[in-house]
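S.K.: What follows is structure-v1.cif, made up of mmCIF, C-alpha atoms:
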data_run
loop_
_atom_site.label_atom_id
_atom_site.label_comp_id
_atom_site.auth_asym_id
_atom_site.auth_seq_id
_atom_site.Cartn_x
_atom_site.Cartn_y
_atom_site.Cartn_z
CA GLU A 1 -5.48 11.81 -8.26
CA THR A 2 -4.65 8.15 -8.78
CA GLY A 3 -7.66 7.13 -10.88
CA VAL A 4 -8.62 4.37 -8.43
CA THR A 5 -12.03 4.94 -6.88
CA GLN A 6 -13.72 2.93 -4.17
CA SER A 7 -17.30 2.77 -2.94
CA PRO A 8 -18.81 3.23 -0.53
CA THR A 9 -16.47 5.38 1.56
CA HIS A 10 -18.02 4.24 4.83
CA LEU A 11 -20.16 1.25 5.75
CA ILE A 12 -21.63 -0.17 8.95
CA LYS A 13 -22.61 -3.83 9.12
CA THR A 14 -23.68 -6.26 11.80
CA ARG A 15 -21.72 -9.35 12.82
CA GLY A 16 -22.68 -12.34 10.64
CA GLN A 17 -23.75 -10.23 7.67
CA GLN A 18 -22.13 -10.18 4.25
CA VAL A 19 -20.60 -7.13 2.56
CA THR A 20 -19.48 -6.20 -0.96
CA LEU A 21 -16.96 -3.44 -1.54
CA ARG A 22 -16.32 -2.03 -4.99
CA CYS A 23 -13.32 -0.62 -6.79
CA SER A 24 -12.83 0.99 -10.16
CA SER A 25 -9.26 0.77 -11.41
CA GLN A 26 -7.38 2.98 -13.82
CA SER A 27 -7.96 2.17 -17.46
CA GLY A 28 -5.39 -0.31 -18.71
CA HIS A 29 -4.54 -1.64 -15.25
CA ASN A 30 -5.05 -5.38 -15.47
CA THR A 31 -3.94 -6.21 -11.94
CA VAL A 32 -5.94 -5.33 -8.84
CA SER A 33 -5.01 -6.00 -5.24
CA TRP A 34 -6.98 -5.65 -2.03
CA TYR A 35 -5.56 -4.73 1.35
CA GLN A 36 -6.99 -4.59 4.88
CA GLN A 37 -5.73 -1.90 7.25
CA ALA A 38 -6.67 -2.16 10.91
CA LEU A 39 -6.44 0.97 13.03
CA GLY A 40 -2.83 1.89 13.77
CA GLN A 41 -1.41 -0.83 11.55
CA GLY A 42 0.05 -0.94 8.06
CA PRO A 43 -2.06 -2.39 5.25
CA GLN A 44 -2.11 -6.19 4.95
CA PHE A 45 -2.35 -7.94 1.60
CA ILE A 46 -5.60 -9.90 1.12
CA PHE A 47 -5.36 -11.07 -2.48
CA GLN A 48 -4.62 -10.08 -6.05
CA TYR A 49 -6.45 -10.56 -9.34
CA TYR A 50 -4.91 -10.61 -12.78
CA ARG A 51 -7.06 -10.93 -15.87
CA GLU A 52 -10.07 -11.88 -13.76
CA GLU A 53 -8.36 -14.70 -11.88
CA GLU A 54 -6.96 -14.76 -8.35
CA ASN A 55 -3.19 -15.18 -8.54
CA GLY A 56 -2.01 -14.45 -5.03
CA ARG A 57 -3.50 -14.51 -1.54
CA GLY A 58 -2.33 -13.40 1.85
CA ASN A 59 -3.20 -14.96 5.19
CA PHE A 60 -6.96 -14.43 4.98
CA PRO A 61 -9.71 -17.08 5.25
CA PRO A 62 -11.90 -18.16 2.31
CA ARG A 63 -14.79 -16.00 3.50
CA PHE A 64 -12.80 -13.18 1.89
CA SER A 65 -13.35 -13.49 -1.84
CA GLY A 66 -13.16 -11.29 -4.87
CA LEU A 67 -14.09 -10.71 -8.46
CA GLN A 68 -12.43 -8.76 -11.24
CA PHE A 69 -14.36 -7.64 -14.31
CA PRO A 70 -13.21 -6.84 -17.86
CA ASN A 71 -14.08 -3.15 -17.41
CA TYR A 72 -11.30 -2.70 -14.80
CA SER A 73 -13.71 -2.84 -11.88
CA SER A 74 -13.49 -5.32 -9.04
CA GLU A 75 -15.24 -6.41 -5.85
CA LEU A 76 -14.22 -7.63 -2.44
CA ASN A 77 -16.79 -9.82 -0.71
CA VAL A 78 -16.65 -10.76 2.94
CA ASN A 79 -19.07 -13.32 4.35
CA ALA A 80 -19.99 -13.99 7.97
CA LEU A 81 -18.58 -10.70 9.18
CA GLU A 82 -16.69 -10.66 12.47
CA LEU A 83 -15.96 -7.73 14.73
CA ASP A 84 -12.25 -7.95 13.81
CA ASP A 85 -13.14 -7.31 10.17
CA SER A 86 -13.63 -3.66 11.09
CA ALA A 87 -10.92 -1.89 9.11
CA LEU A 88 -10.09 0.30 6.15
CA TYR A 89 -10.18 -1.76 2.95
CA LEU A 90 -7.91 -0.54 0.19
CA CYS A 91 -7.98 -1.36 -3.48
CA ALA A 92 -4.87 -0.90 -5.60
CA SER A 93 -4.20 -1.38 -9.29
CA SER A 94 -1.26 -1.54 -11.63
CA GLY A 95 -0.22 -2.59 -15.08
CA GLN A 96 2.12 -5.47 -15.83
CA GLY A 97 5.64 -5.75 -14.53
CA LEU A 98 6.57 -3.61 -11.55
CA PRO A 99 5.03 -0.20 -12.14
CA PRO A 100 4.00 1.70 -9.02
CA LEU A 101 0.87 0.40 -7.34
CA HIS A 102 -1.88 3.03 -7.22
CA PHE A 103 -4.21 2.96 -4.23
CA GLY A 104 -7.72 4.24 -3.75
CA ASN A 105 -8.74 6.04 -0.56
CA GLY A 106 -10.47 2.98 0.80
CA THR A 107 -13.75 1.92 2.33
CA ARG A 108 -14.06 2.21 6.12
CA LEU A 109 -16.00 -0.85 7.32
CA THR A 110 -17.35 -0.98 10.84
CA VAL A 111 -18.80 -4.25 12.12
CA THR A 112 -20.99 -4.01 15.21
CA ASP B 1 10.54 -12.06 1.16
CA ALA B 2 12.80 -9.36 2.47
CA LYS B 3 11.29 -7.34 5.28
CA THR B 4 12.09 -3.80 6.32
CA THR B 5 12.76 -2.05 9.62
CA GLN B 6 11.93 1.61 10.15
CA PRO B 7 11.94 3.87 13.21
CA PRO B 8 8.37 4.27 14.50
CA SER B 9 8.40 8.06 14.55
CA MET B 10 10.44 11.14 13.60
CA ASP B 11 10.08 14.90 13.79
CA CYS B 12 11.37 17.43 11.29
CA ALA B 13 11.31 21.22 11.29
CA GLU B 14 9.38 22.84 8.46
CA GLY B 15 11.70 23.83 5.61
CA ARG B 16 14.43 21.44 6.65
CA ALA B 17 15.33 18.16 4.98
CA ALA B 18 13.62 15.07 6.34
CA ASN B 19 15.79 11.95 6.19
CA LEU B 20 13.86 8.73 6.74
CA PRO B 21 15.96 5.58 7.15
CA CYS B 22 15.02 2.03 6.26
CA ASN B 23 16.86 -1.20 6.93
CA HIS B 24 16.40 -4.10 4.50
CA SER B 25 19.38 -6.29 5.31
CA THR B 26 17.94 -9.44 3.69
CA ILE B 27 17.16 -7.84 0.34
CA SER B 28 18.02 -9.96 -2.67
CA GLY B 29 19.43 -8.89 -6.01
CA ASN B 30 16.15 -8.67 -7.90
CA GLU B 31 14.24 -6.77 -5.22
CA TYR B 32 13.42 -3.11 -5.55
CA VAL B 33 12.97 -0.62 -2.73
CA TYR B 34 9.70 1.33 -2.87
CA TRP B 35 8.55 4.18 -0.69
CA TYR B 36 4.94 5.11 -0.05
CA ARG B 37 3.32 7.52 2.35
CA GLN B 38 -0.12 7.61 3.86
CA ILE B 39 -1.75 10.80 4.98
CA HIS B 40 -4.53 10.35 7.50
CA SER B 41 -7.73 8.89 6.03
CA GLN B 42 -6.25 8.48 2.56
CA GLY B 43 -4.80 5.55 0.64
CA PRO B 44 -1.03 5.08 0.40
CA GLN B 45 0.62 7.37 -2.14
CA TYR B 46 3.59 6.28 -4.25
CA ILE B 47 6.72 8.39 -3.73
CA ILE B 48 9.72 6.78 -5.39
CA HIS B 49 11.49 3.49 -6.02
CA GLY B 50 14.93 2.20 -6.93
CA LEU B 51 17.04 -0.91 -7.41
CA LYS B 52 20.62 0.09 -6.64
CA ASN B 53 21.22 3.57 -8.02
CA ASN B 54 20.15 6.70 -6.24
CA GLU B 55 16.93 8.16 -7.60
CA THR B 56 15.35 11.60 -7.55
CA ASN B 57 11.96 12.86 -8.62
CA LYS B 58 9.77 15.88 -7.89
CA MET B 59 8.78 14.56 -4.49
CA ALA B 60 11.92 13.09 -3.01
CA SER B 61 15.32 11.49 -3.36
CA LEU B 62 16.17 7.88 -2.59
CA ILE B 63 19.66 6.96 -1.47
CA ILE B 64 20.47 3.24 -1.46
CA THR B 65 23.70 2.04 0.14
CA GLU B 66 26.20 0.19 -1.99
CA ASP B 67 25.48 -3.13 -0.27
CA ARG B 68 21.72 -2.37 -0.66
CA LYS B 69 21.05 -3.31 2.94
CA SER B 70 19.61 0.07 3.79
CA SER B 71 18.19 3.16 2.17
CA THR B 72 17.18 6.70 3.05
CA LEU B 73 14.26 8.69 1.73
CA ILE B 74 14.99 12.40 1.62
CA LEU B 75 12.32 15.08 1.49
CA PRO B 76 14.49 18.10 0.70
CA HIS B 77 12.30 20.86 2.13
CA ALA B 78 9.65 19.40 4.40
CA THR B 79 6.28 21.15 4.62
CA LEU B 80 3.39 20.62 7.01
CA ARG B 81 1.64 18.64 4.26
CA ASP B 82 4.44 16.07 4.42
CA THR B 83 3.21 14.95 7.84
CA ALA B 84 2.27 11.31 7.20
CA VAL B 85 3.24 7.70 7.81
CA TYR B 86 6.05 6.64 5.46
CA TYR B 87 6.44 3.04 4.40
CA CYS B 88 9.54 1.41 2.98
CA ILE B 89 8.72 -1.72 0.97
CA VAL B 90 10.81 -4.34 -0.78
CA ARG B 91 9.26 -5.67 -3.97
CA SER B 92 10.14 -8.19 -6.67
CA LEU B 93 8.48 -9.80 -9.64
CA ASN B 94 7.94 -12.84 -7.42
CA THR B 95 6.01 -10.87 -4.83
CA GLY B 96 4.40 -8.57 -7.39
CA ASN B 97 1.78 -6.42 -5.70
CA GLN B 98 1.95 -8.34 -2.42
CA PHE B 99 3.49 -5.54 -0.39
CA TYR B 100 4.61 -6.01 3.22
CA PHE B 101 4.00 -2.59 4.75
CA GLY B 102 5.05 -3.02 8.34
CA THR B 103 4.13 -0.13 10.63
CA GLY B 104 6.18 2.55 8.88
CA THR B 105 7.61 5.80 10.24
CA SER B 106 5.22 8.47 11.42
CA LEU B 107 6.80 11.77 10.33
CA THR B 108 5.62 14.95 12.00
CA VAL B 109 6.70 18.23 10.41
CA ILE B 110 6.82 20.93 13.05
CA PRO B 111 6.14 24.59 12.19
#
Represent the structure contained in this file as structure tokens.
M.R.:
Amino acid sequence: ETGVTQSPTHLIKTRGQQVTLRCSSQSGHNTVSWYQQALGQGPQFIFQYYREEENGRGNFPPRFSGLQFPNYSSELNVNALELDDSALYLCASSGQGLPPLHFGNGTRLTVT
Amino acid sequence: DAKTTQPPSMDCAEGRAANLPCNHSTISGNEYVYWYRQIHSQGPQYIIHGLKNNETNKMASLIITEDRKSSTLILPHATLRDTAVYYCIVRSLNTGNQFYFGTGTSLTVIP
């Protein structure tokens, strides 16, 4: 039990649509990160939010965006969905410094 | 950022020790070694981390070589529930939560 919950667990969207994925972090965790995991691959870093501002981004286009809220929840938004966006999307949270990163169980997104 | 190299797969007999190697030859002095595992359909689970000393917790032991260029995760008595993909990650304050996972080692514990 990591205290990081994600919703929904599964989602099916059509190419070109927009999607919002949600994450609820552990209380007190002021840093949230999002990862994309394609089938058979390790997770890839999308971006990170600290105190409601993006402060790190991986190699993902601007149509991937996020929000972090004061109540330790966050969102990942993806616009203009492409077939290659089909993946498991993982949210992870931590406190300051280098404590272990705690992951949720992800949202499985399928784009058809 | 230092990257890691792990064997793609390993088998281990149930009840025996599982020794999972990781090469991180370009690690710098302020980078920690973290280990996570991912059981099918779940998010990655934190196992252990260390800087240069060997570490042990309820789940595993971490042995880091003196030159810090490699490490070994040891599961002392592997069970079927330890079957998972194991990731070795190098992390620093500069990289923060931007983990480079690679493809990890798929460990299969055999009855």
S.K.: Just say which residues the PyMOL selection byres ((chain B) within 8 of (chain A)) picks in this file, as a short mmCIF file (atom, residue, chain, number, x, y, z; two decimals) with C-alpha atoms, keeping the file's coordinate frame.
M.R.:
data_model
loop_
_atom_site.label_atom_id
_atom_site.label_comp_id
_atom_site.auth_asym_id
_atom_site.auth_seq_id
_atom_site.Cartn_x
_atom_site.Cartn_y
_atom_site.Cartn_z
CA SER B 41 -7.73 8.89 6.03
CA GLN B 42 -6.25 8.48 2.56
CA GLY B 43 -4.80 5.55 0.64
CA PRO B 44 -1.03 5.08 0.40
CA GLN B 45 0.62 7.37 -2.14
CA TYR B 46 3.59 6.28 -4.25
CA SER B 92 10.14 -8.19 -6.67
CA LEU B 93 8.48 -9.80 -9.64
CA GLY B 96 4.40 -8.57 -7.39
CA ASN B 97 1.78 -6.42 -5.70
CA GLN B 98 1.95 -8.34 -2.42
CA PHE B 99 3.49 -5.54 -0.39
CA TYR B 100 4.61 -6.01 3.22
CA PHE B 101 4.00 -2.59 4.75
CA GLY B 102 5.05 -3.02 8.34
CA THR B 103 4.13 -0.13 10.63
CA GLY B 104 6.18 2.55 8.88
#
S.K.: Suppose a student applies the PyMOL selection byres ((chain B and resi 88) around 6) to this structure; what residues should they get, written as a PDB file with C-alpha atoms, keeping the file's coordinate frame?
M.R.:
ATOM      1  CA  TYR B  34       9.700   1.330  -2.870  1.00  0.00           C
ATOM      2  CA  TRP B  35       8.550   4.180  -0.690  1.00  0.00           C
ATOM      3  CA  TYR B  87       6.440   3.040   4.400  1.00  0.00           C
ATOM      4  CA  ILE B  89       8.720  -1.720   0.970  1.00  0.00           C
TER       5      ILE B  89
END
S.K.: Report the distance between atom CA of B:Ile47 and atom CA of B:Tyr32 in Å, rounded to one decimal place.
M.R.: 13.4 Å
S.K.: Report, in Å with one decimal, the straight-line distance from atom CA of A:Pro61 to atom CA of A:Thr110.
M.R.: 18.7 Å
S.K.: For atom CA of A:Asn79 and atom CA of A:Gln37, quote the distance in Å rounded to one decimal.
M.R.: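 Those two atoms sit 17.8 Å apart.
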S.K.: Let me know the residues the PyMOL selection byres ((chain B and resi 79) around 8) catches in the file above, as a list in words.
M.R.: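 For this structure, the PyMOL selection byres ((chain B and resi 79) around 8) captures Glu14, Gly15, His77, Ala78, Leu80, Arg81, Asp82, Thr83 and Val109 of chain B.
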S.K.: Of the residues B:Thr105, B:Thr4, B:Asn19, B:Thr56, which is the one nearest to B:Leu73, using all atoms listed in the file?
M.R.: B:Asn19
S.K.: Just give me the residues with any atom within 9 Å of (6.9, 15.0, 12.2), file coordinates, counting all atoms listed in the file, written as a count of residues only.
M.R.: 15
S.K.: Could you check the closest approach to A:Val19 for each of A:Thr112, A:Ala80, A:Glu52, A:Ser7 and tell me which residue wins, using all atoms listed in the file?
M.R.: A:Ala80
S.K.: Excluding A:Asp84 and residues on its chain fewer than 2 positions from it, collect all residues at most 9 Å away from it, counting only C-alpha atoms, and give them as a list in words.
M.R.: Ala38, Leu81, Glu82, Ser86, Ala87 and Val111 of chain A
S.K.: Output C-alpha atoms for every residue in that selection, as a PDB file, in the coordinates of the input.
M.R.:
ATOM      1  CA  ALA A  38      -6.670  -2.160  10.910  1.00  0.00           C
ATOM      2  CA  LEU A  81     -18.580 -10.700   9.180  1.00  0.00           C
ATOM      3  CA  GLU A  82     -16.690 -10.660  12.470  1.00  0.00           C
ATOM      4  CA  SER A  86     -13.630  -3.660  11.090  1.00  0.00           C
ATOM      5  CA  ALA A  87     -10.920  -1.890   9.110  1.00  0.00           C
ATOM      6  CA  VAL A 111     -18.800  -4.250  12.120  1.00  0.00           C
TER       7      VAL A 111
END
